[in-house]
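K.L.:
Take a look at the following structure, please.
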There are 2 protein chains.
Amino acid sequence: MPIDSRVEFDLIARIRARAGPGDPDLLVGIGDDAAVFLPTPGLALVSTTDSLVAGRHFRPDWSAADLGHLALAANLSDLAAMGARSRWALLSLTLPAADPVWLDGFLDGFLALAQSTRTTLIGGNLASGPLNLGVQLIGEVEPERIARRGGAREGDRILVTGSLGDAAAALELSERAGPELERRLRRPEPRLAAGRRLAGRVSALIDVSDGLLADLGHLLPPGSGAEIELGQLPASRALSAAFADPEQRWPLQLGGGNDYELLMTAAPGQVPVLAARMEELGLELSDIGTLTGRAGLRCLRPDGSVLDPASIGWDHFAD
Amino acid sequence: MPIDSRVEFDLIARIRARAGPGDPDLLVGIGDDAAVFLPTPGLALVSTTDSLVAGRHFRPDWSAADLGHLALAANLSDLAAMGARSRWALLSLTLPAADPVWLDGFLDGFLALAQSTRTTLIGGNLASGPLNLGVQLIGEVEPERIARRGGAREGDRILVTGSLGDAAAALELSERAGPELERRLRRPEPRLAAGRRLAGRVSALIDVSDGLLADLGHLLPPGSGAEIELGQLPASRALSAAFADPEQRWPLQLGGGNDYELLMTAAPGQVPVLAARMEELGLELSDIGTLTGRAGLRCLRPDGSVLDPASIGWDHFAD
C-alpha cells in the first residue's frame, strides 16, 4: 500500500540501487513481492523488529543519517543479546513526504552500519503518513549458543559491557552535551561481537535499551533480587567529566536507557574468561553486583549506605 | 523503545497469553530480545513486511478486528505471490493509546487469520505514536518453486484468480456498499493455497494489491506489452449487481486495488492444468489476455473497440 505509486517506485529504485549486490544466499531481493534467501544449514534463525517514531525516540535536529544508524542499531542490539550474527534486514518506512534527499541521508547511516555488520538489505515497504521508521532483522545463531533472558541463578554475578549513562547524560544536557556523549546517543554501537563471544558462557543476557534497572528486572527469576554496587557502575570519561558527583551520575546510569550495552548474569567462575574475551575486543566488562535469593533490589554506595531507587524517580523494579 | 514501560509489559503479556503455544520449531517466542526458530531443512525462507497507516488504508469506522485481519492479510498475500507457505509473524504496533480493549479486538482479527493459515506470532514491538500497524512475515518455499515476477514471455496468457473490483466498488459506494463488497474490502482472503498450487507452473506471479493494471505492469518484461479482453474480467455477482453497466465496472476492475487476487502469466499449454488446480480449491481462474511483443497496453471491449486507460484516470502504465 504505497505512497503515490510512481513516487514509491522512484524511491524503491533508489533503495535498490544502493542496497548493492546481495550476498550469495539471497535468491530474490528488493523488487519482488517478498525477499527469498537460503539460511545456513544447522543454524537457528533469530528475528526482531523495532521502530523509531517521530517525536518519541529522537529530536527534530537529528540528521537523517543519525536516524538510519539508530533504527538499525536498536535492532542489531537485540540480535547481539541473543548471541546471534546479523544477516538480513527489511525496512518499513512511513514517510510524511517522498523526499529523495532525506532518503539518501537515511540510507547513508543505515547502509554504513549494515555493511560493517554484514547485514544485507533485502526488502521492505514504503507508506505515506506520520514518520515511522521500522526495521526487521533476521540473524543466525547456533542452537546451543542461544543466549536467553531466563537462566539467571542465585549467586550469579551481574556484569555489563562498556559504560553506562552516556545516552541519558546527552539527553539531560541536551545542547550542552559534548560530542562524545552526543555520539553515544545518536550513533550507538551494538555489541554484536561481544554477544557472539559471551553466548554459551552466560546464564542470561539482555541489552540495556530501557535502562539498567528495567532491563535487569527482566533477568531476575521470580522471587530473586539483586544487589548492585554503585561504585562499580562503569562510567565513560566524558560522563565522569560532565557529572563529577556520583550522586548525580548514578541515577543516569541506573535509569537511563539507550546505552545498548550488554547486561548479563554468569556463574562467578566464568567471570575471568568472560572478561578476557571482552578484552580481546577492547571492551571493558564490569562486575557490578550479585543475584540474590531475596526479592527486591539493593543499590549500595561504596560506603555501604543504600540508595533508594524511588528517590531517583524509579518505581518499576519492585513489581 | 516502549510506550510507558509498565503499560507496555501489560500489553505484551496480553499478546503473549493469546499467541498460544508455539509450534515445535519455535525455540524462543514472545518475551525475549528476539524470537528464535528452526527453519525446515532444504527450504528457502521468504520474508515480507507491510503496514497499515491511520487515515490511508482504512476508514475510521472499521473495527480493530478488521484491522488485525487486514494487516496480516496484506502480508500473507505477498507470500502467496511467491508460492510460499506462511510460518512466523512479528507485529510492530505504534499506538496512540495503550487500550487493552482495542488490542484484544485487533488480536481477534489477527490471530483468527494467523491460525487458519498456520502462522505463529513469535514477537514484535510496541511504541507510542500515530497509529501504524506493521506486520512482518516469514514463510518457506521449495527453492525450485519460487514464483518470481520476472519470467513472463511473449505469447503467454494472462490469468487471474477469483474476481476483480469488489474492494474498489466498496470504497466507491462507501456506506451504500452491501455486506459482500464490504467484506471483500475489510476481510480479504489471501490466496495462499492457490499460490502453492500455481508455483512452478506459471512464468510470473504477483498479487493484485495496487490494481490490475499497476500490478500487471510489474510483470511485463521491458519492451513487451499486454492485450486485455475486458469481457473476460471476472466480476463477482455483488459487483455485477451494483454496477450492471460494464463501462462503469471496468474502471474499478482495472484500476482498483486491494483485491488480493493472484495475477500470473503462463504458457498457453499450462492453462488447463492451472484451471483444474484452482477448481480443486473452488476458485475461478480467468484467462483475461495475452502478453505481446509490442510495448503498451490495449484494453479491448467485447465489440473489438479499444478502451483508453487514460479515459478512466489511469496514466501509469505507459511508463
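Residues are referred to by chain and number: the chain letter is A, B, ... according to the order shown in the C-alpha cells, the number counts from 1 in that chain, and ligands are numbered separately from 1 in the order shown.
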Near chain B, which residues of chain A fall within 7 Å when you count only C-alpha atoms, and what do they look like as a PyMOL selection string?

P.N.:
chain A and resi 1+32-39+41+44-50+53+78-79+81-82+92+124-125+129-130+148-149+206+210

K.L.:
Emit the selected residues as a PDB file, in the first residue's frame, including N, CA and C atoms.

P.N.:
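Output saved as result-v2.pdb:
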ATOM      1  N   MET A   1       0.844  -1.192   0.000  1.00  0.00           N
ATOM      2  CA  MET A   1       0.000   0.000   0.000  1.00  0.00           C
ATOM      3  C   MET A   1       0.876   1.237   0.000  1.00  0.00           C
ATOM      4  N   ASP A  32      10.542  -7.654  -5.683  1.00  0.00           N
ATOM      5  CA  ASP A  32       9.512  -8.674  -5.929  1.00  0.00           C
ATOM      6  C   ASP A  32       8.485  -8.578  -4.795  1.00  0.00           C
ATOM      7  N   ASP A  33       7.537  -9.520  -4.720  1.00  0.00           N
ATOM      8  CA  ASP A  33       6.530  -9.458  -3.666  1.00  0.00           C
ATOM      9  C   ASP A  33       7.131  -9.675  -2.295  1.00  0.00           C
ATOM     10  N   ALA A  34       8.181 -10.464  -2.219  1.00  0.00           N
ATOM     11  CA  ALA A  34       8.853 -10.734  -0.951  1.00  0.00           C
ATOM     12  C   ALA A  34      10.285 -11.132  -1.272  1.00  0.00           C
ATOM     13  N   ALA A  35      11.140 -11.087  -0.269  1.00  0.00           N
ATOM     14  CA  ALA A  35      12.536 -11.497  -0.437  1.00  0.00           C
ATOM     15  C   ALA A  35      12.656 -12.980  -0.133  1.00  0.00           C
ATOM     16  N   VAL A  36      13.589 -13.642  -0.814  1.00  0.00           N
ATOM     17  CA  VAL A  36      13.808 -15.076  -0.592  1.00  0.00           C
ATOM     18  C   VAL A  36      15.297 -15.310  -0.366  1.00  0.00           C
ATOM     19  N   PHE A  37      15.616 -16.067   0.674  1.00  0.00           N
ATOM     20  CA  PHE A  37      17.019 -16.337   0.977  1.00  0.00           C
ATOM     21  C   PHE A  37      17.181 -17.733   1.544  1.00  0.00           C
ATOM     22  N   LEU A  38      18.412 -18.242   1.421  1.00  0.00           N
ATOM     23  CA  LEU A  38      18.736 -19.581   1.923  1.00  0.00           C
ATOM     24  C   LEU A  38      19.452 -19.458   3.262  1.00  0.00           C
ATOM     25  N   PRO A  39      18.849 -19.961   4.331  1.00  0.00           N
ATOM     26  CA  PRO A  39      19.536 -19.914   5.619  1.00  0.00           C
ATOM     27  C   PRO A  39      20.684 -20.926   5.645  1.00  0.00           C
ATOM     28  N   PRO A  41      22.502 -24.078   6.730  1.00  0.00           N
ATOM     29  CA  PRO A  41      22.027 -25.337   7.324  1.00  0.00           C
ATOM     30  C   PRO A  41      22.539 -25.514   8.756  1.00  0.00           C
ATOM     31  N   ALA A  44      19.907 -21.816  13.799  1.00  0.00           N
ATOM     32  CA  ALA A  44      18.573 -21.305  14.093  1.00  0.00           C
ATOM     33  C   ALA A  44      18.485 -19.862  13.605  1.00  0.00           C
ATOM     34  N   LEU A  45      17.271 -19.419  13.290  1.00  0.00           N
ATOM     35  CA  LEU A  45      17.065 -18.049  12.829  1.00  0.00           C
ATOM     36  C   LEU A  45      16.551 -17.200  13.974  1.00  0.00           C
ATOM     37  N   VAL A  46      17.006 -15.959  13.990  1.00  0.00           N
ATOM     38  CA  VAL A  46      16.678 -15.029  15.069  1.00  0.00           C
ATOM     39  C   VAL A  46      16.038 -13.804  14.427  1.00  0.00           C
ATOM     40  N   SER A  47      14.838 -13.441  14.881  1.00  0.00           N
ATOM     41  CA  SER A  47      14.131 -12.362  14.217  1.00  0.00           C
ATOM     42  C   SER A  47      13.621 -11.340  15.213  1.00  0.00           C
ATOM     43  N   THR A  48      13.783 -10.066  14.876  1.00  0.00           N
ATOM     44  CA  THR A  48      13.333  -8.997  15.768  1.00  0.00           C
ATOM     45  C   THR A  48      12.869  -7.801  14.951  1.00  0.00           C
ATOM     46  N   THR A  49      12.075  -6.938  15.558  1.00  0.00           N
ATOM     47  CA  THR A  49      11.638  -5.708  14.894  1.00  0.00           C
ATOM     48  C   THR A  49      11.567  -4.596  15.917  1.00  0.00           C
ATOM     49  N   ASP A  50      11.912  -3.388  15.480  1.00  0.00           N
ATOM     50  CA  ASP A  50      11.841  -2.223  16.350  1.00  0.00           C
ATOM     51  C   ASP A  50      11.600  -1.017  15.449  1.00  0.00           C
ATOM     52  N   VAL A  53       9.779   6.367  16.249  1.00  0.00           N
ATOM     53  CA  VAL A  53       8.577   7.147  15.998  1.00  0.00           C
ATOM     54  C   VAL A  53       8.892   8.630  16.192  1.00  0.00           C
ATOM     55  N   ASP A  78      19.359  -6.112  19.714  1.00  0.00           N
ATOM     56  CA  ASP A  78      18.536  -7.264  20.112  1.00  0.00           C
ATOM     57  C   ASP A  78      19.143  -8.572  19.619  1.00  0.00           C
ATOM     58  N   LEU A  79      19.703  -8.569  18.429  1.00  0.00           N
ATOM     59  CA  LEU A  79      20.374  -9.783  17.941  1.00  0.00           C
ATOM     60  C   LEU A  79      21.609 -10.076  18.786  1.00  0.00           C
ATOM     61  N   ALA A  81      22.019  -9.482  21.834  1.00  0.00           N
ATOM     62  CA  ALA A  81      21.573 -10.020  23.126  1.00  0.00           C
ATOM     63  C   ALA A  81      21.086 -11.465  23.030  1.00  0.00           C
ATOM     64  N   MET A  82      20.972 -11.999  21.818  1.00  0.00           N
ATOM     65  CA  MET A  82      20.657 -13.416  21.651  1.00  0.00           C
ATOM     66  C   MET A  82      21.911 -14.218  21.302  1.00  0.00           C
ATOM     67  N   SER A  92      10.757  -0.815   6.865  1.00  0.00           N
ATOM     68  CA  SER A  92       9.358  -0.447   6.696  1.00  0.00           C
ATOM     69  C   SER A  92       9.220   1.024   7.055  1.00  0.00           C
ATOM     70  N   GLY A 124      11.346  -4.537   1.879  1.00  0.00           N
ATOM     71  CA  GLY A 124      10.670  -3.626   2.793  1.00  0.00           C
ATOM     72  C   GLY A 124       9.411  -3.062   2.199  1.00  0.00           C
ATOM     73  N   ASN A 125       9.055  -1.904   2.687  1.00  0.00           N
ATOM     74  CA  ASN A 125       7.763  -1.338   2.371  1.00  0.00           C
ATOM     75  C   ASN A 125       7.819   0.170   2.599  1.00  0.00           C
ATOM     76  N   GLY A 129       2.604   8.807   5.596  1.00  0.00           N
ATOM     77  CA  GLY A 129       1.955   9.090   6.872  1.00  0.00           C
ATOM     78  C   GLY A 129       2.951   9.672   7.848  1.00  0.00           C
ATOM     79  N   PRO A 130       2.553   9.801   9.116  1.00  0.00           N
ATOM     80  CA  PRO A 130       3.474  10.332  10.124  1.00  0.00           C
ATOM     81  C   PRO A 130       4.726   9.457  10.223  1.00  0.00           C
ATOM     82  N   ARG A 148      19.509 -16.653  26.252  1.00  0.00           N
ATOM     83  CA  ARG A 148      18.167 -16.264  26.656  1.00  0.00           C
ATOM     84  C   ARG A 148      18.209 -15.342  27.858  1.00  0.00           C
ATOM     85  N   ARG A 149      17.008 -14.845  28.232  1.00  0.00           N
ATOM     86  CA  ARG A 149      16.914 -13.995  29.411  1.00  0.00           C
ATOM     87  C   ARG A 149      16.768 -14.813  30.690  1.00  0.00           C
ATOM     88  N   ILE A 206      20.883  -9.792  28.080  1.00  0.00           N
ATOM     89  CA  ILE A 206      19.882  -8.837  27.586  1.00  0.00           C
ATOM     90  C   ILE A 206      20.638  -7.577  27.183  1.00  0.00           C
ATOM     91  N   ASP A 210      16.285  -0.093  27.780  1.00  0.00           N
ATOM     92  CA  ASP A 210      15.324   0.662  28.598  1.00  0.00           C
ATOM     93  C   ASP A 210      15.970   1.270  29.837  1.00  0.00           C
TER      94      ASP A 210
END

K.L.:
Could you pull out all residues of region 67-313 of chain B with a DSSP call of helix (DSSP H, G or I) and give them as a VMD selection string?

P.N.:
chain B and resid 67 to 80 100 to 116 143 to 145 166 to 176 179 to 186 192 to 198 212 to 219 230 to 232 237 to 242 246 to 255 268 to 280 309 to 312

K.L.:
In terms of the shortest atom-to-atom distance over only C-alpha atoms, which of B:Glu172, B:Glu182, B:Glu189, B:Glu279 is closest to Pro251 (chain B)?

P.N.:
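Selected residue with least distance to Pro251 (chain B): B:Glu172.
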
K.L.:
Grab the CA of Arg145 (chain A) to CA of Arg277 (chain A) distance for me, in Å with one decimal place.

P.N.:
15.6 Å

K.L.:
Among region 190-262 of chain A, which ones does DSSP place in strand (DSSP E), written as a PyMOL selection string?

P.N.:
chain A and resi 204-207+225-229+262

K.L.:
Would you mind reading off the distance between CA of Pro100 (chain B) and CA of Leu11 (chain B), one decimal, in Å?

P.N.:
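So the answer is 6.8 Å.
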
K.L.:
Which neighbours of Leu159 (chain A) fall inside 7 Å, counting only C-alpha atoms, when residues of the same chain fewer than 6 positions from it are skipped, and could you give them as a count of residues only?

P.N.:
7

K.L.:
Quote the spacing between CA of Glu142 (chain A) and CA of Leu274 (chain A) in Å to one decimal place.

P.N.:
18.9 Å
